[in-house]
file target.cif (mmCIF, C-alpha atoms)
data_entry
#
loop_
_atom_site.label_atom_id
_atom_site.label_comp_id
_atom_site.auth_asym_id
_atom_site.auth_seq_id
_atom_site.Cartn_x
_atom_site.Cartn_y
_atom_site.Cartn_z
CA MET B 26 -116.35 19.04 23.67
CA THR B 27 -117.44 17.01 20.69
CA HIS B 28 -120.79 15.68 20.63
CA THR B 29 -123.97 11.52 11.81
CA LEU B 30 -127.31 10.84 12.31
CA HIS B 31 -128.08 7.41 13.82
CA MET B 32 -131.42 5.88 14.53
CA PRO B 33 -132.23 6.02 18.25
CA LYS B 34 -131.31 2.84 20.07
CA TRP B 35 -130.78 1.63 23.60
CA SER B 36 -127.13 1.68 24.55
CA SER B 37 -125.23 -1.26 25.98
CA PRO B 38 -126.78 -3.11 28.94
CA ALA B 39 -123.68 -2.28 31.00
CA GLU B 40 -124.68 1.37 30.98
CA GLU B 41 -128.07 0.59 32.50
CA LYS B 42 -126.51 -0.98 35.58
CA THR B 43 -125.42 2.37 37.01
CA ARG B 44 -127.66 4.55 39.10
CA VAL B 45 -126.57 7.71 37.30
CA THR B 46 -127.54 6.50 33.84
CA VAL B 47 -130.89 5.20 35.09
CA VAL B 48 -131.68 8.54 36.74
CA HIS B 49 -130.89 10.39 33.52
CA ARG B 50 -132.99 8.21 31.26
CA ILE B 51 -135.92 7.48 33.55
CA GLY B 52 -135.96 11.10 34.72
CA ALA B 53 -136.23 12.33 31.13
CA LEU B 54 -139.09 9.89 30.43
CA VAL B 55 -141.03 10.87 33.57
CA VAL B 56 -140.79 14.59 32.83
CA ALA B 57 -141.71 13.91 29.20
CA ALA B 58 -144.84 12.04 30.35
CA VAL B 59 -145.98 14.97 32.50
CA ILE B 60 -145.38 17.54 29.75
CA ALA B 61 -146.97 15.32 27.09
CA THR B 62 -150.09 14.83 29.22
CA PHE B 63 -150.50 18.60 29.51
CA GLY B 64 -150.04 19.01 25.75
CA VAL B 65 -152.47 16.24 24.79
CA LEU B 66 -155.18 17.55 27.12
CA GLY B 67 -154.83 20.99 25.59
CA LEU B 68 -155.16 19.74 22.02
CA LEU B 69 -158.08 17.45 22.87
CA ASP B 70 -159.88 20.40 24.40
CA GLY B 71 -159.67 22.24 21.08
CA LEU B 72 -157.95 25.33 22.44
CA ALA B 73 -157.55 28.37 20.22
CA TYR B 74 -154.05 28.23 18.78
CA PHE B 75 -152.89 31.81 19.35
CA SER B 76 -155.20 32.94 22.15
CA THR B 77 -153.41 35.19 24.65
CA ASP B 78 -156.07 34.55 27.31
CA GLY B 79 -155.84 30.77 27.30
CA GLU B 80 -158.00 28.21 29.07
CA ARG B 81 -157.41 26.12 32.18
CA ILE B 82 -155.79 22.75 31.64
CA ALA B 83 -154.72 20.80 34.74
CA GLY B 84 -154.58 24.02 36.73
CA LEU B 85 -152.46 25.85 34.14
CA SER B 86 -153.36 28.24 31.36
CA SER B 87 -152.80 26.98 27.84
CA ASN B 88 -153.58 27.49 24.17
CA GLY B 89 -152.96 25.43 21.03
CA LEU B 90 -149.45 26.77 20.53
CA LEU B 91 -148.33 25.96 24.09
CA SER B 92 -149.86 22.48 23.82
CA THR B 93 -147.95 21.82 20.59
CA ILE B 94 -144.68 23.07 22.07
CA SER B 95 -145.26 20.83 25.10
CA LEU B 96 -145.68 17.76 22.88
CA VAL B 97 -142.57 18.60 20.85
CA THR B 98 -140.55 19.07 24.05
CA ALA B 99 -141.79 15.75 25.42
CA ALA B 100 -140.85 14.02 22.14
CA VAL B 101 -137.32 15.46 22.31
CA LEU B 102 -136.90 14.16 25.88
CA VAL B 103 -138.13 10.69 24.89
CA VAL B 104 -135.77 10.48 21.90
CA ALA B 105 -132.88 11.64 24.10
CA ALA B 106 -133.68 9.02 26.76
CA VAL B 107 -133.88 6.27 24.12
CA ARG B 108 -130.62 7.34 22.51
CA SER B 109 -128.36 7.31 25.60
CA SER B 110 -128.09 8.53 29.18
CA ARG B 111 -125.46 11.10 28.16
CA THR B 112 -127.81 12.54 25.54
CA ALA B 113 -130.68 12.56 28.04
CA SER B 114 -128.50 14.40 30.56
CA THR B 115 -127.43 17.03 28.05
CA ILE B 116 -130.94 17.58 26.69
CA MET B 117 -132.39 17.92 30.19
CA LEU B 118 -129.80 20.56 31.06
CA VAL B 119 -130.62 22.50 27.90
CA ILE B 120 -134.40 22.22 28.23
CA GLY B 121 -134.21 22.98 31.95
CA ALA B 122 -132.42 26.23 31.22
CA LEU B 123 -134.98 27.06 28.51
CA PHE B 124 -137.85 26.45 30.93
CA ILE B 125 -136.43 28.93 33.43
CA ALA B 126 -135.69 31.47 30.68
CA SER B 127 -139.25 31.03 29.38
CA ALA B 128 -140.66 31.64 32.86
CA LEU B 129 -138.75 34.89 33.22
CA ILE B 130 -139.63 36.13 29.72
CA ASN B 131 -143.30 35.23 29.96
CA LEU B 132 -143.53 36.75 33.43
CA ALA B 133 -142.71 40.07 31.79
CA LEU B 134 -145.34 39.45 29.09
CA LEU B 135 -148.26 38.62 31.38
CA GLU B 136 -151.41 40.66 30.69
CA THR B 137 -149.96 41.95 27.40
CA ASP B 138 -150.79 41.30 23.73
CA TRP B 139 -147.39 39.57 23.44
CA ASN B 140 -148.41 36.70 25.73
CA PHE B 141 -148.58 34.28 22.79
CA LEU B 142 -148.27 31.21 25.04
CA ALA B 143 -151.16 32.33 27.24
CA PHE B 144 -149.03 32.13 30.37
CA SER B 145 -150.42 32.82 33.81
CA VAL B 146 -148.63 33.15 37.14
CA ALA B 147 -149.25 29.42 37.68
CA ASN B 148 -147.51 28.67 34.40
CA VAL B 149 -144.52 30.75 35.46
CA ILE B 150 -144.23 28.87 38.75
CA PHE B 151 -144.61 25.51 36.99
CA SER B 152 -142.01 26.45 34.37
CA VAL B 153 -139.48 27.40 37.06
CA CYS B 154 -140.12 24.19 39.02
CA ALA B 155 -139.95 22.01 35.90
CA GLY B 156 -136.74 23.75 34.86
CA LEU B 157 -135.13 23.14 38.23
CA VAL B 158 -136.17 19.48 38.16
CA LEU B 159 -134.68 19.03 34.69
CA LEU B 160 -131.45 20.78 35.67
CA THR B 161 -131.14 18.66 38.80
CA LEU B 162 -131.78 15.39 36.97
CA GLY B 163 -129.49 16.33 34.08
CA ALA B 164 -126.66 17.40 36.37
CA TYR B 165 -126.95 14.37 38.70
CA GLY B 166 -123.73 12.38 38.73
CA ARG B 167 -122.26 14.67 36.09
CA VAL B 168 -121.72 18.15 37.48
CA SER B 169 -120.04 17.83 40.87
CA GLY B 170 -116.71 18.07 42.59
CA ASN B 171 -117.21 14.57 44.02
CA LEU B 172 -118.97 12.37 41.49
CA PRO B 173 -120.62 9.06 42.54
CA ASP B 174 -118.51 5.93 42.05
CA ASP B 175 -120.92 4.61 39.39
CA SER B 176 -120.90 7.83 37.36
CA PRO B 177 -119.70 7.36 33.75
CA TYR B 178 -118.33 10.91 33.96
CA ARG B 179 -115.64 10.00 36.52
CA GLY B 180 -113.13 9.07 33.79
CA ALA B 181 -110.92 12.14 33.67
CA GLN B 182 -111.42 12.96 37.34
CA GLY B 183 -110.64 9.38 38.40
CA ALA B 184 -107.51 9.29 36.29
CA GLY B 185 -106.29 12.49 37.88
CA ALA B 186 -107.00 11.16 41.36
CA GLU B 187 -105.04 8.01 40.67
CA VAL B 188 -102.03 10.09 39.63
CA MET B 189 -102.22 12.09 42.84
CA GLU B 190 -102.60 8.99 44.98
CA SER B 191 -99.84 7.06 43.20
CA PRO B 192 -97.06 9.48 42.17
CA GLU B 193 -94.55 6.60 41.81
CA LEU B 194 -91.96 8.34 43.95
CA PRO B 195 -88.78 6.44 44.89
CA GLU B 196 -89.11 4.61 48.20
CA THR B 197 -85.62 3.29 48.88
CA PRO B 198 -82.11 4.82 48.84
CA ALA B 199 -81.29 2.71 45.77
CA GLU B 200 -84.32 4.10 43.90
CA GLU B 201 -83.42 7.67 44.90
CA ALA B 202 -79.89 7.12 43.61
CA ALA B 203 -81.31 5.70 40.40
CA GLU B 204 -83.53 8.78 39.97
CA ARG B 205 -80.52 11.07 40.29
CA ALA B 206 -78.51 9.00 37.84
CA MET B 207 -81.42 8.96 35.39
CA ARG B 208 -81.67 12.75 35.42
CA GLU B 209 -77.92 13.11 34.94
CA ALA B 210 -77.95 10.63 32.03
CA GLU B 211 -80.89 12.35 30.30
CA LEU B 212 -79.16 15.72 30.64
CA ALA B 213 -75.94 14.25 29.30
CA VAL B 214 -77.79 12.86 26.25
CA ILE B 215 -79.33 16.27 25.56
CA GLU B 216 -75.89 17.92 25.81
CA HIS B 217 -74.31 15.22 23.60
CA ARG B 218 -71.79 14.16 26.24
CA ALA B 219 -73.39 10.89 27.37
CA THR B 220 -71.33 7.74 27.80
CA GLY B 221 -72.25 4.56 25.97
CA ASP B 222 -73.83 3.14 29.11
CA GLN B 223 -75.92 6.26 29.74
CA LEU B 224 -77.10 6.38 26.13
CA ALA B 225 -78.11 2.70 26.19
CA ARG B 226 -80.07 3.15 29.42
CA VAL B 227 -81.88 6.30 28.21
CA GLN B 228 -82.83 4.59 24.95
CA ALA B 229 -84.17 1.60 26.89
CA MET B 230 -86.18 3.84 29.22
CA ALA B 231 -87.78 5.57 26.22
CA LYS B 232 -89.68 2.34 25.50
CA VAL B 233 -91.77 2.60 28.69
CA ARG B 234 -94.03 5.40 29.95
CA SER B 235 -94.46 5.32 33.72
CA ARG B 236 -91.89 6.71 36.12
CA SER B 237 -91.58 3.49 38.08
CA ALA B 238 -91.13 1.45 34.88
CA ARG B 239 -88.38 3.79 33.70
CA ARG B 240 -86.66 3.44 37.06
CA THR B 241 -86.91 -0.34 36.86
CA VAL B 242 -85.29 -0.34 33.42
CA TRP B 243 -82.46 1.83 34.67
CA MET B 244 -81.82 -0.32 37.72
CA SER B 245 -81.89 -3.52 35.64
CA TYR B 246 -78.57 -2.46 34.16
CA ASP B 247 -77.01 -2.52 37.65
CA ARG B 248 -77.95 -6.12 38.37
CA PRO B 249 -75.12 -8.65 37.97
CA MET B 250 -75.39 -10.88 34.91
CA VAL B 251 -76.10 -14.51 35.76
CA GLY B 252 -73.89 -16.75 33.69
#

call {"tool": "encode", "arguments": {"input": "target.cif", "output": "structure tokens"}}
result
Amino acid sequence: MTHTLHMPKWSSPAEEKTRVTVVHRIGALVVAAVIATFGVLGLLDGLAYFSTDGERIAGLSSNGLLSTISLVTAAVLVVAAVRSSRTASTIMLVIGALFIASALINLALLETDWNFLAFSVANVIFSVCAGLVLLTLGAYGRVSGNLPDDSPYRGAQGAGAEVMESPELPETPAEEAAERAMREAELAVIEHRATGDQLARVQAMAKVRSRSARRTVWMSYDRPMVG
């Protein structure tokens, strides 16, 4: 997977017409707004930066460090949403996983001197819920065995489905005979025993890619010349 630094910009309008891309970008902005509100309230309240006890902010425990991290996280989500839906999806998946990891780690640090983010049980529950929301929004229309029709991630899957649905198999006795003759001619060319006619047909077929097109080229040599 390959993912130069460009200034954030809205992607093409065509992208915004799909439900999947809208969910990714709007979802990232909504979550960012919630997290940013929590961070701003904490900083406005003048919380001690490294207090392990914390103070109540919107029902959660917080200190200056947690408020700052919340604002940085919100900023990352906003930039991702502005950049593109794909970026927003990826960032939400990453941050969602970090939220859940943070909940588990800080759960073990509750009531200890290592509780630098001043977590409480409520914070742990919120972190798990926020992480699940981010993972769900980030994975929507992207991680599934049956992606929505408007998902921009259907490309490879759709191409594979088309091949399965349209294998270009011969449908008539003439086409079946042509297939057999094609295989014989290609083998003869490889073994350097092909006739002039077989060589000409194989060379002509090499100019096209699909199976049906190759069969059409082969069969065109059997049609009578109109003079």

call {"tool": "resolve_selection", "arguments": {"input": "target.cif", "expression": "the PyMOL selection byres ((chain B and resi 195) around 12)", "output": "ChimeraX atom specification"}}
result
/B:191-194,196-205,236-241

call {"tool": "write_last_selection", "arguments": {"input": "target.cif", "atoms": "C-alpha atoms", "output": "short mmCIF file (atom, residue, chain, number, x, y, z; two decimals), in the coordinates of the input"}}
result
data_model
loop_
_atom_site.label_atom_id
_atom_site.label_comp_id
_atom_site.auth_asym_id
_atom_site.auth_seq_id
_atom_site.Cartn_x
_atom_site.Cartn_y
_atom_site.Cartn_z
CA SER B 191 -99.84 7.06 43.20
CA PRO B 192 -97.06 9.48 42.17
CA GLU B 193 -94.55 6.60 41.81
CA LEU B 194 -91.96 8.34 43.95
CA GLU B 196 -89.11 4.61 48.20
CA THR B 197 -85.62 3.29 48.88
CA PRO B 198 -82.11 4.82 48.84
CA ALA B 199 -81.29 2.71 45.77
CA GLU B 200 -84.32 4.10 43.90
CA GLU B 201 -83.42 7.67 44.90
CA ALA B 202 -79.89 7.12 43.61
CA ALA B 203 -81.31 5.70 40.40
CA GLU B 204 -83.53 8.78 39.97
CA ARG B 205 -80.52 11.07 40.29
CA ARG B 236 -91.89 6.71 36.12
CA SER B 237 -91.58 3.49 38.08
CA ALA B 238 -91.13 1.45 34.88
CA ARG B 239 -88.38 3.79 33.70
CA ARG B 240 -86.66 3.44 37.06
CA THR B 241 -86.91 -0.34 36.86
#

call {"tool": "atom_distance", "arguments": {"input": "target.cif", "atom1": "atom CA of Gly89 of chain B", "atom2": "atom CA of Trp139 of chain B"}}
result
15.4 Å

call {"tool": "closest_residue", "arguments": {"input": "target.cif", "among": "B:Val214, B:Ala147, B:Leu118, B:Ala133", "to": "Thr161 of chain B", "atoms": "all atoms listed in the file"}}
result
B:Leu118

call {"tool": "resolve_selection", "arguments": {"input": "target.cif", "expression": "the PyMOL selection byres ((chain B and resi 61) around 12)", "output": "list in words"}}
result
Ala53, Leu54, Val55, Val56, Ala57, Ala58, Val59, Ile60, Thr62, Phe63, Gly64, Val65, Leu66, Gly67, Leu68, Leu91, Ser92, Thr93, Ile94, Ser95, Leu96, Val97, Thr98, Ala99, Ala100, Val101, Leu102 and Val103 of chain B

call {"tool": "closest_residue", "arguments": {"input": "target.cif", "among": "B:Met117, B:Ile51, B:Ala105, B:Leu142", "to": "Ile130 of chain B", "atoms": "only C-alpha atoms"}}
result
B:Leu142

call {"tool": "atom_distance", "arguments": {"input": "target.cif", "atom1": "atom CA of Ser87 of chain B", "atom2": "atom CA of Asn131 of chain B"}}
result
12.8 Å

call {"tool": "atom_distance", "arguments": {"input": "target.cif", "atom1": "atom CA of Leu129 of chain B", "atom2": "atom CA of Arg50 of chain B"}}
result
27.4 Å

call {"tool": "resolve_selection", "arguments": {"input": "target.cif", "expression": "the PyMOL selection byres ((chain B and resi 125) around 10)", "output": "list of chain:residue names"}}
result
B:Ile120, B:Gly121, B:Ala122, B:Leu123, B:Phe124, B:Ala126, B:Ser127, B:Ala128, B:Leu129, B:Ile130, B:Asn131, B:Val149, B:Ile150, B:Phe151, B:Ser152, B:Val153, B:Cys154, B:Ala155, B:Gly156, B:Leu157, B:Leu160

call {"tool": "residues_around", "arguments": {"input": "target.cif", "residues": "Gly163 of chain B", "least_positions_apart": "2", "cutoff": "9 Å", "atoms": "only C-alpha atoms", "output": "PyMOL selection string"}}
result
chain B and resi 48-49+52-53+111+113-119+121+158-161+165-168

call {"tool": "residues_around", "arguments": {"input": "target.cif", "residues": "Val227 of chain B", "least_positions_apart": "2", "cutoff": "9 Å", "atoms": "all atoms listed in the file", "output": "PyMOL selection string"}}
result
chain B and resi 207+210-211+214+222-225+229-231+239+243
